[in-house]
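data.cif (mmCIF, C-alpha atoms (C1' of nucleotides))
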data_data
#
loop_
_atom_site.group_PDB
_atom_site.id
_atom_site.type_symbol
_atom_site.label_atom_id
_atom_site.label_comp_id
_atom_site.auth_asym_id
_atom_site.auth_seq_id
_atom_site.Cartn_x
_atom_site.Cartn_y
_atom_site.Cartn_z
ATOM 1 C CA MET A 1 0.000 0.000 0.000
ATOM 2 C CA ASP A 2 1.741 3.154 -1.043
ATOM 3 C CA ASP A 3 -1.611 4.773 -0.538
ATOM 4 C CA ASP A 4 -0.138 5.383 2.854
ATOM 5 C CA ALA A 5 2.568 7.614 1.408
ATOM 6 C CA VAL A 6 -0.083 9.636 -0.404
ATOM 7 C CA PHE A 7 -2.252 10.077 2.672
ATOM 8 C CA ARG A 8 0.742 11.056 4.758
ATOM 9 C CA ALA A 9 1.967 13.479 2.105
ATOM 10 C CA LEU A 10 -1.435 15.131 1.995
ATOM 11 C CA ALA A 11 -1.576 15.399 5.783
ATOM 12 C CA ASP A 12 0.554 18.516 5.870
ATOM 13 C CA ALA A 13 -0.928 21.913 5.042
ATOM 14 C CA SER A 14 2.323 23.238 3.589
ATOM 15 C CA ARG A 15 2.481 20.319 1.176
ATOM 16 C CA ARG A 16 -1.132 20.790 0.149
ATOM 17 C CA GLN A 17 -0.290 24.418 -0.472
ATOM 18 C CA LEU A 18 2.625 23.408 -2.673
ATOM 19 C CA LEU A 19 0.337 21.132 -4.665
ATOM 20 C CA ASP A 20 -2.074 24.041 -4.944
ATOM 21 C CA ARG A 21 0.653 26.236 -6.338
ATOM 22 C CA LEU A 22 1.674 23.597 -8.836
ATOM 23 C CA TYR A 23 -1.942 23.182 -9.768
ATOM 24 C CA GLN A 24 -2.193 26.889 -10.515
ATOM 25 C CA LYS A 25 1.095 26.909 -12.393
ATOM 26 C CA ASP A 26 2.797 23.676 -13.300
ATOM 27 C CA GLY A 27 6.516 23.301 -13.875
ATOM 28 C CA GLN A 28 7.815 25.702 -11.251
ATOM 29 C CA ALA A 29 11.387 25.692 -10.033
ATOM 30 C CA LEU A 30 12.297 25.355 -6.378
ATOM 31 C CA VAL A 31 13.014 29.028 -5.694
ATOM 32 C CA GLU A 32 9.792 29.958 -7.415
ATOM 33 C CA LEU A 33 7.835 27.647 -5.134
ATOM 34 C CA CYS A 34 9.510 29.181 -2.098
ATOM 35 C CA GLU A 35 8.333 32.724 -2.814
ATOM 36 C CA GLY A 36 6.014 34.081 -0.161
ATOM 37 C CA LEU A 37 6.293 31.022 2.048
ATOM 38 C CA ALA A 38 7.475 31.476 5.623
ATOM 39 C CA MET A 39 9.903 28.639 5.257
ATOM 40 C CA SER A 40 13.471 28.115 4.154
ATOM 41 C CA ARG A 41 14.276 26.750 0.722
ATOM 42 C CA GLN A 42 15.553 23.575 2.324
ATOM 43 C CA ALA A 43 12.282 23.015 4.135
ATOM 44 C CA VAL A 44 10.374 23.384 0.868
ATOM 45 C CA ALA A 45 12.768 20.947 -0.793
ATOM 46 C CA LYS A 46 12.033 18.417 1.941
ATOM 47 C CA HIS A 47 8.297 18.792 1.423
ATOM 48 C CA LEU A 48 8.738 18.334 -2.304
ATOM 49 C CA ALA A 49 10.795 15.211 -1.677
ATOM 50 C CA ILE A 50 7.909 13.774 0.331
ATOM 51 C CA LEU A 51 5.459 14.656 -2.429
ATOM 52 C CA GLU A 52 7.827 12.995 -4.881
ATOM 53 C CA ALA A 53 8.035 9.853 -2.769
ATOM 54 C CA ALA A 54 4.238 9.716 -2.840
ATOM 55 C CA ASN A 55 4.391 10.117 -6.595
ATOM 56 C CA LEU A 56 2.347 13.296 -6.375
ATOM 57 C CA VAL A 57 5.074 15.418 -7.916
ATOM 58 C CA SER A 58 7.696 14.700 -10.513
ATOM 59 C CA TRP A 59 10.478 16.923 -11.767
ATOM 60 C CA ARG A 60 12.783 17.590 -14.647
ATOM 61 C CA ARG A 61 16.145 19.251 -14.597
ATOM 62 C CA VAL A 62 16.520 22.201 -16.959
ATOM 63 C CA HIS A 63 20.015 23.625 -16.757
ATOM 64 C CA ARG A 64 20.512 24.543 -13.158
ATOM 65 C CA GLU A 65 16.810 24.641 -12.357
ATOM 66 C CA LYS A 66 14.662 21.791 -11.072
ATOM 67 C CA LEU A 67 11.193 22.137 -12.504
ATOM 68 C CA HIS A 68 8.363 20.449 -10.615
ATOM 69 C CA PHE A 69 5.234 18.964 -12.105
ATOM 70 C CA ILE A 70 2.089 17.811 -10.399
ATOM 71 C CA ASN A 71 0.810 14.296 -10.877
ATOM 72 C CA PRO A 72 -2.857 13.948 -9.921
ATOM 73 C CA LEU A 73 -3.083 10.205 -10.498
ATOM 74 C CA PRO A 74 -2.434 9.059 -6.923
ATOM 75 C CA ILE A 75 -5.094 11.454 -5.659
ATOM 76 C CA ASN A 76 -7.567 10.166 -8.173
ATOM 77 C CA ARG A 77 -6.773 6.620 -7.207
ATOM 78 C CA ILE A 78 -7.472 7.383 -3.569
ATOM 79 C CA ALA A 79 -10.640 9.197 -4.506
ATOM 80 C CA GLU A 80 -11.788 6.175 -6.446
ATOM 81 C CA ARG A 81 -10.738 3.461 -4.067
ATOM 82 C CA TRP A 82 -11.364 5.087 -0.762
ATOM 83 C CA ILE A 83 -13.455 8.178 -0.729
ATOM 84 C CA ALA A 84 -16.018 7.048 -3.243
ATOM 85 C CA LYS A 85 -16.832 4.265 -0.813
ATOM 86 C CA PHE A 86 -18.132 6.706 1.753
ATOM 87 C CA GLU A 87 -19.669 8.982 -0.806
ATOM 88 C CA ARG A 88 -21.720 6.097 -2.102
ATOM 89 C CA ARG A 89 -23.833 6.132 1.013
ATOM 90 C CA HIS A 90 -25.158 9.588 0.337
ATOM 91 C CA LEU A 91 -24.916 10.008 -3.385
ATOM 92 C CA SER A 92 -25.759 6.544 -4.593
ATOM 93 C CA ALA A 93 -27.853 7.748 -7.508
ATOM 94 C CA LEU A 94 -25.299 10.291 -8.594
ATOM 95 C CA SER A 95 -22.525 7.789 -8.171
ATOM 96 C CA ALA A 96 -24.302 5.277 -10.341
ATOM 97 C CA LEU A 97 -24.693 7.885 -13.039
ATOM 98 C CA LYS A 98 -21.084 8.876 -12.674
ATOM 99 C CA LYS A 99 -19.965 5.303 -13.060
ATOM 100 C CA SER A 100 -22.074 4.758 -16.139
ATOM 101 C CA LEU A 101 -20.688 7.936 -17.670
ATOM 102 C CA GLU A 102 -17.172 6.770 -16.946
ATOM 103 C CA GLY A 103 -18.017 3.577 -18.745
ATOM 104 C CA ASP A 104 -18.807 5.587 -21.837
ATOM 105 C CA GLY A 105 -15.176 6.526 -22.126
ATOM 106 C CA ASN A 106 -15.786 10.224 -22.664
ATOM 107 C CA ASP A 107 -12.811 12.441 -21.939
ATOM 108 C CA MET B 1 -9.442 25.108 8.272
ATOM 109 C CA ASP B 2 -10.387 21.968 10.113
ATOM 110 C CA ASP B 3 -9.814 20.220 6.818
ATOM 111 C CA ASP B 4 -6.386 19.886 8.295
ATOM 112 C CA ALA B 5 -7.681 17.742 11.149
ATOM 113 C CA VAL B 6 -9.386 15.466 8.637
ATOM 114 C CA PHE B 7 -6.306 15.079 6.450
ATOM 115 C CA ARG B 8 -4.150 14.409 9.485
ATOM 116 C CA ALA B 9 -6.635 11.923 10.878
ATOM 117 C CA LEU B 10 -6.668 10.055 7.586
ATOM 118 C CA ALA B 11 -2.872 10.011 7.420
ATOM 119 C CA ASP B 12 -2.573 7.030 9.755
ATOM 120 C CA ALA B 13 -3.197 3.499 8.497
ATOM 121 C CA SER B 14 -4.562 2.320 11.848
ATOM 122 C CA ARG B 15 -7.141 5.074 11.829
ATOM 123 C CA ARG B 16 -8.150 4.321 8.269
ATOM 124 C CA GLN B 17 -8.535 0.714 9.333
ATOM 125 C CA LEU B 18 -10.782 1.772 12.194
ATOM 126 C CA LEU B 19 -12.929 3.761 9.789
ATOM 127 C CA ASP B 20 -13.048 0.705 7.564
ATOM 128 C CA ARG B 21 -14.274 -1.405 10.431
ATOM 129 C CA LEU B 22 -16.923 1.129 11.311
ATOM 130 C CA TYR B 23 -17.919 1.270 7.679
ATOM 131 C CA GLN B 24 -18.412 -2.490 7.670
ATOM 132 C CA LYS B 25 -20.254 -2.426 10.964
ATOM 133 C CA ASP B 26 -21.372 0.838 12.480
ATOM 134 C CA GLY B 27 -21.941 1.402 16.167
ATOM 135 C CA GLN B 28 -19.146 -0.736 17.592
ATOM 136 C CA ALA B 29 -17.928 -0.422 21.144
ATOM 137 C CA LEU B 30 -14.299 0.237 22.017
ATOM 138 C CA VAL B 31 -13.365 -3.356 22.961
ATOM 139 C CA GLU B 32 -15.039 -4.588 19.815
ATOM 140 C CA LEU B 33 -12.916 -2.249 17.701
ATOM 141 C CA CYS B 34 -9.803 -3.494 19.477
ATOM 142 C CA GLU B 35 -10.280 -7.128 18.525
ATOM 143 C CA GLY B 36 -7.559 -8.472 16.280
ATOM 144 C CA LEU B 37 -5.548 -5.270 16.349
ATOM 145 C CA ALA B 38 -1.952 -5.430 17.560
ATOM 146 C CA MET B 39 -2.504 -2.465 19.799
ATOM 147 C CA SER B 40 -3.633 -1.762 23.313
ATOM 148 C CA ARG B 41 -7.137 -0.560 24.076
ATOM 149 C CA GLN B 42 -5.725 2.811 25.104
ATOM 150 C CA ALA B 43 -3.974 3.233 21.778
ATOM 151 C CA VAL B 44 -7.214 2.525 19.937
ATOM 152 C CA ALA B 45 -9.015 4.995 22.181
ATOM 153 C CA LYS B 46 -6.464 7.647 21.252
ATOM 154 C CA HIS B 47 -6.952 6.995 17.556
ATOM 155 C CA LEU B 48 -10.702 7.227 17.993
ATOM 156 C CA ALA B 49 -10.266 10.515 19.836
ATOM 157 C CA ILE B 50 -8.370 11.895 16.851
ATOM 158 C CA LEU B 51 -11.072 10.680 14.478
ATOM 159 C CA GLU B 52 -13.614 12.330 16.772
ATOM 160 C CA ALA B 53 -11.703 15.596 16.754
ATOM 161 C CA ALA B 54 -11.790 15.499 12.964
ATOM 162 C CA ASN B 55 -15.518 14.878 13.187
ATOM 163 C CA LEU B 56 -15.099 11.605 11.331
ATOM 164 C CA VAL B 57 -16.495 9.548 14.192
ATOM 165 C CA SER B 58 -19.137 10.264 16.785
ATOM 166 C CA TRP B 59 -20.222 8.137 19.704
ATOM 167 C CA ARG B 60 -23.069 7.421 22.063
ATOM 168 C CA ARG B 61 -22.893 5.993 25.525
ATOM 169 C CA VAL B 62 -25.054 2.919 26.056
ATOM 170 C CA HIS B 63 -24.789 1.663 29.627
ATOM 171 C CA ARG B 64 -21.109 1.032 30.140
ATOM 172 C CA GLU B 65 -20.324 0.792 26.463
ATOM 173 C CA LYS B 66 -19.225 3.612 24.184
ATOM 174 C CA LEU B 67 -20.638 2.948 20.745
ATOM 175 C CA HIS B 68 -18.865 4.584 17.805
ATOM 176 C CA PHE B 69 -20.465 5.773 14.603
ATOM 177 C CA ILE B 70 -18.858 6.821 11.382
ATOM 178 C CA ASN B 71 -19.540 10.237 9.902
ATOM 179 C CA PRO B 72 -18.637 10.425 6.214
ATOM 180 C CA LEU B 73 -19.445 14.125 5.795
ATOM 181 C CA PRO B 74 -15.926 15.507 6.331
ATOM 182 C CA ILE B 75 -14.555 13.043 3.802
ATOM 183 C CA ASN B 76 -17.167 14.067 1.299
ATOM 184 C CA ARG B 77 -16.381 17.707 1.885
ATOM 185 C CA ILE B 78 -12.727 17.103 1.193
ATOM 186 C CA ALA B 79 -13.570 15.061 -1.865
ATOM 187 C CA GLU B 80 -15.691 17.912 -3.143
ATOM 188 C CA ARG B 81 -13.457 20.813 -2.289
ATOM 189 C CA TRP B 82 -10.080 19.340 -2.871
ATOM 190 C CA ILE B 83 -9.886 16.126 -4.779
ATOM 191 C CA ALA B 84 -12.481 17.006 -7.382
ATOM 192 C CA LYS B 85 -10.228 19.883 -8.340
ATOM 193 C CA PHE B 86 -7.543 17.531 -9.555
ATOM 194 C CA GLU B 87 -9.993 15.120 -11.010
ATOM 195 C CA ARG B 88 -11.422 17.952 -13.089
ATOM 196 C CA ARG B 89 -8.322 18.002 -15.216
ATOM 197 C CA HIS B 90 -9.044 14.562 -16.516
ATOM 198 C CA LEU B 91 -12.780 14.364 -16.294
ATOM 199 C CA SER B 92 -13.797 17.902 -16.981
ATOM 200 C CA ALA B 93 -16.962 17.049 -18.845
ATOM 201 C CA LEU B 94 -18.037 14.578 -16.213
ATOM 202 C CA SER B 95 -17.244 16.977 -13.424
ATOM 203 C CA ALA B 96 -19.331 19.737 -14.970
ATOM 204 C CA LEU B 97 -22.261 17.383 -15.221
ATOM 205 C CA LYS B 98 -21.743 16.229 -11.680
ATOM 206 C CA LYS B 99 -21.685 19.781 -10.422
ATOM 207 C CA SER B 100 -24.830 20.705 -12.245
ATOM 208 C CA LEU B 101 -26.546 17.640 -10.846
ATOM 209 C CA GLU B 102 -25.582 18.705 -7.374
ATOM 210 C CA GLY B 103 -27.172 22.068 -7.998
ATOM 211 C CA ASP B 104 -23.918 23.879 -7.534
ATOM 212 C CA GLY B 105 -24.255 25.923 -10.684
ATOM 213 C CA ASN B 106 -20.700 27.087 -10.285
ATOM 214 C CA ASP B 107 -18.452 26.793 -13.268
ATOM 215 C "C1'" DG C 1 37.870 33.639 -14.144
ATOM 216 C "C1'" DT C 2 35.168 35.334 -10.619
ATOM 217 C "C1'" DG C 3 31.134 35.635 -8.511
ATOM 218 C "C1'" DC C 4 26.300 34.942 -8.272
ATOM 219 C "C1'" DC C 5 22.620 31.858 -8.403
ATOM 220 C "C1'" DA C 6 19.872 27.396 -7.997
ATOM 221 C "C1'" DC C 7 20.231 23.542 -5.717
ATOM 222 C "C1'" DG C 8 22.110 19.524 -2.612
ATOM 223 C "C1'" DT C 9 23.632 17.599 1.770
ATOM 224 C "C1'" DA C 10 24.173 17.175 6.562
ATOM 225 C "C1'" DA C 11 23.925 18.085 11.327
ATOM 226 C "C1'" DC C 12 21.075 19.532 14.618
ATOM 227 C "C1'" DC C 13 16.825 20.847 17.410
ATOM 228 C "C1'" DA C 14 12.047 21.047 19.425
ATOM 229 C "C1'" DT C 15 7.747 19.171 19.038
ATOM 230 C "C1'" DT C 16 4.464 15.838 17.831
ATOM 231 C "C1'" DC C 17 3.072 11.072 17.300
ATOM 232 C "C1'" DG C 18 2.056 6.414 18.202
ATOM 233 C "C1'" DG C 19 2.375 3.518 21.549
ATOM 234 C "C1'" DT C 20 3.061 1.681 26.223
ATOM 235 C "C1'" DT C 21 2.148 0.782 31.425
ATOM 236 C "C1'" DG C 22 -0.248 1.663 35.603
ATOM 237 C "C1'" DC C 23 -4.054 2.847 38.031
ATOM 238 C "C1'" DC C 24 -8.767 4.582 38.754
ATOM 239 C "C1'" DT C 25 -14.121 4.806 38.057
ATOM 240 C "C1'" DG C 26 -18.309 3.007 37.094
ATOM 241 C "C1'" DT C 27 -21.496 -0.901 35.605
ATOM 242 C "C1'" DT C 28 -22.870 -5.464 35.102
ATOM 243 C "C1'" DT C 29 -23.322 -10.197 36.661
ATOM 244 C "C1'" DA C 30 -22.373 -14.509 39.140
ATOM 245 C "C1'" DT D 1 -21.250 -8.359 47.613
ATOM 246 C "C1'" DA D 2 -17.346 -9.535 44.991
ATOM 247 C "C1'" DA D 3 -15.467 -10.164 40.686
ATOM 248 C "C1'" DA D 4 -15.278 -9.276 36.027
ATOM 249 C "C1'" DC D 5 -15.766 -6.002 32.554
ATOM 250 C "C1'" DA D 6 -15.859 -1.401 29.736
ATOM 251 C "C1'" DG D 7 -13.786 2.509 29.779
ATOM 252 C "C1'" DG D 8 -11.020 7.027 31.414
ATOM 253 C "C1'" DC D 9 -6.789 9.375 32.703
ATOM 254 C "C1'" DA D 10 -2.005 10.407 33.030
ATOM 255 C "C1'" DA D 11 2.831 9.664 32.888
ATOM 256 C "C1'" DC D 12 6.229 8.122 30.189
ATOM 257 C "C1'" DC D 13 9.100 6.702 26.008
ATOM 258 C "C1'" DG D 14 11.314 6.207 21.415
ATOM 259 C "C1'" DA D 15 10.886 7.518 16.846
ATOM 260 C "C1'" DA D 16 9.243 10.376 13.306
ATOM 261 C "C1'" DT D 17 8.251 15.125 11.776
ATOM 262 C "C1'" DG D 18 8.990 19.843 10.469
ATOM 263 C "C1'" DG D 19 11.963 23.045 10.718
ATOM 264 C "C1'" DT D 20 16.533 25.418 11.164
ATOM 265 C "C1'" DT D 21 21.657 26.710 10.137
ATOM 266 C "C1'" DA D 22 25.918 25.835 7.782
ATOM 267 C "C1'" DC D 23 28.395 24.553 4.071
ATOM 268 C "C1'" DG D 24 29.354 22.246 -0.585
ATOM 269 C "C1'" DT D 25 28.660 21.868 -5.788
ATOM 270 C "C1'" DG D 26 27.942 23.042 -10.339
ATOM 271 C "C1'" DG D 27 26.052 26.053 -14.100
ATOM 272 C "C1'" DC D 28 25.585 30.714 -16.063
ATOM 273 C "C1'" DA D 29 26.683 35.717 -16.704
ATOM 274 C "C1'" DC D 30 29.473 39.583 -16.424
#

Kindly transcribe the structure held in the file into structure tokens.
Amino acid sequence: MDDDAVFRALADASRRQLLDRLYQKDGQALVELCEGLAMSRQAVAKHLAILEAANLVSWRRVHREKLHFINPLPINRIAERWIAKFERRHLSALSALKKSLEGDGND
Amino acid sequence: MDDDAVFRALADASRRQLLDRLYQKDGQALVELCEGLAMSRQAVAKHLAILEAANLVSWRRVHREKLHFINPLPINRIAERWIAKFERRHLSALSALKKSLEGDGND
DNA sequence: GTGCCACGTAACCATTCGGTTGCCTGTTTA
DNA sequence: TAAACAGGCAACCGAATGGTTACGTGGCAC
């Protein structure tokens, strides 16, 4: 279960904020992600390493910059496998519709 | 943001397991929830307290037993506010339909 | 070529976390 | 009424967490 890594990575508000930033603008370098945060660059790098380990963020080196990219797949997997289970209780009709739509393969 | 409490509560595998157990059978007492877990009763009680604080579990006293009940609302709220955002990238058409079905009307 | 800039690594620190043990209170039940 | 049972409370402990400071490395620009 590396779902655990994802849950743990999402448990920290600073890391969720970093994901938020990457969601708003993908492919940011480390220094860029640090701007405005009350945290040292090294602390941000540690958070990003944890997000990486959970496969929520990947990166690519461009010259001397390390550009970070968000990967929503683990979150979706958790949403599907875990959260949908609880949602089903309340939104069974909607969920059924959702599932049938997903079966249609529209994207 | 008490979303933070929910994320943190979900970050621990033991707590997710407890939620799973309550999902399978709601209204269990403390000793019942302890069965088969490699953990003391007090440890389980602490986990349940954290789930309570995150509003994921509520309880009712019946005689000398403390019966626990699962509350999926915080999970749904997170799914709506946070996870759907990432999902939207991939399933934008579906998400729009889902939103309109929920009467959100927000695009 | 020198210095700045983006990043990496490592040591260190305080706090939180997950768990324990020990003991106490109250409620059933034999 | 005594014992067993469900749970509460608090002290304690090691390890993980979130952060810092200090210093090292390599690319790019002047």

- [ ] Find, counting all atoms listed in the file, the residue in D:DG8, D:DG19, D:DG14, D:DG27 that gets nearest to chain B.
- [x]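 Among D:DG8, D:DG19, D:DG14, D:DG27, it is D:DG8 that comes nearest to chain B.
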
Take the PyMOL selection byres ((chain B) within 10 of (chain D)), apply it to the structure above, and return the hits as an mmCIF file with C-alpha atoms, in the coordinates of the input.
data_model
loop_
_atom_site.group_PDB
_atom_site.id
_atom_site.type_symbol
_atom_site.label_atom_id
_atom_site.label_comp_id
_atom_site.auth_asym_id
_atom_site.auth_seq_id
_atom_site.Cartn_x
_atom_site.Cartn_y
_atom_site.Cartn_z
ATOM 1 C CA ALA B 29 -17.928 -0.422 21.144
ATOM 2 C CA LEU B 30 -14.299 0.237 22.017
ATOM 3 C CA VAL B 31 -13.365 -3.356 22.961
ATOM 4 C CA ARG B 41 -7.137 -0.560 24.076
ATOM 5 C CA GLN B 42 -5.725 2.811 25.104
ATOM 6 C CA ALA B 45 -9.015 4.995 22.181
ATOM 7 C CA HIS B 63 -24.789 1.663 29.627
ATOM 8 C CA ARG B 64 -21.109 1.032 30.140
ATOM 9 C CA GLU B 65 -20.324 0.792 26.463
ATOM 10 C CA LYS B 66 -19.225 3.612 24.184
#

TODO: Return the neighbours of chain B among the residues of chain C, cut-off 12 Å, counting only C-alpha atoms (C1' of nucleotides), as a list in words.
DONE: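 Residues of chain C within 12 Å of chain B, counting only C-alpha atoms (C1' of nucleotides): DC17, DG18, DG19, DT20, DT21, DG22, DT25, DG26, DT27 and DT28 of chain C.
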
With C-alpha atoms (C1' of nucleotides) retained, export the selected residues as an mmCIF file, in the frame of the given file.
data_model
loop_
_atom_site.group_PDB
_atom_site.id
_atom_site.type_symbol
_atom_site.label_atom_id
_atom_site.label_comp_id
_atom_site.auth_asym_id
_atom_site.auth_seq_id
_atom_site.Cartn_x
_atom_site.Cartn_y
_atom_site.Cartn_z
ATOM 1 C "C1'" DC C 17 3.072 11.072 17.300
ATOM 2 C "C1'" DG C 18 2.056 6.414 18.202
ATOM 3 C "C1'" DG C 19 2.375 3.518 21.549
ATOM 4 C "C1'" DT C 20 3.061 1.681 26.223
ATOM 5 C "C1'" DT C 21 2.148 0.782 31.425
ATOM 6 C "C1'" DG C 22 -0.248 1.663 35.603
ATOM 7 C "C1'" DT C 25 -14.121 4.806 38.057
ATOM 8 C "C1'" DG C 26 -18.309 3.007 37.094
ATOM 9 C "C1'" DT C 27 -21.496 -0.901 35.605
ATOM 10 C "C1'" DT C 28 -22.870 -5.464 35.102
#

Open item on the list: Taking the file as I've supplied it (selection: the PyMOL selection byres ((chain B) within 6 of (chain A))), which residues are included? Please answer as number ranges by chain.
Closed with: B: 7-8, 11, 72, 86, 91

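Here atom CA of A:Arg61 stands at a distance of 20.9 Å from atom CA of A:Arg15.
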
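If you look at atom C1' of C:DC23 and atom CA of B:Val62, they are 24.2 Å away from each other.
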
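The coordinates place atom CA of B:Leu18 at 13.6 Å from atom CA of B:Trp59.
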
Task: Selected residue of minimal separation from C:DC7 among A:Ala54, A:Leu67, A:Gln17, A:Glu35, counting all atoms listed in the file - done: A:Leu67
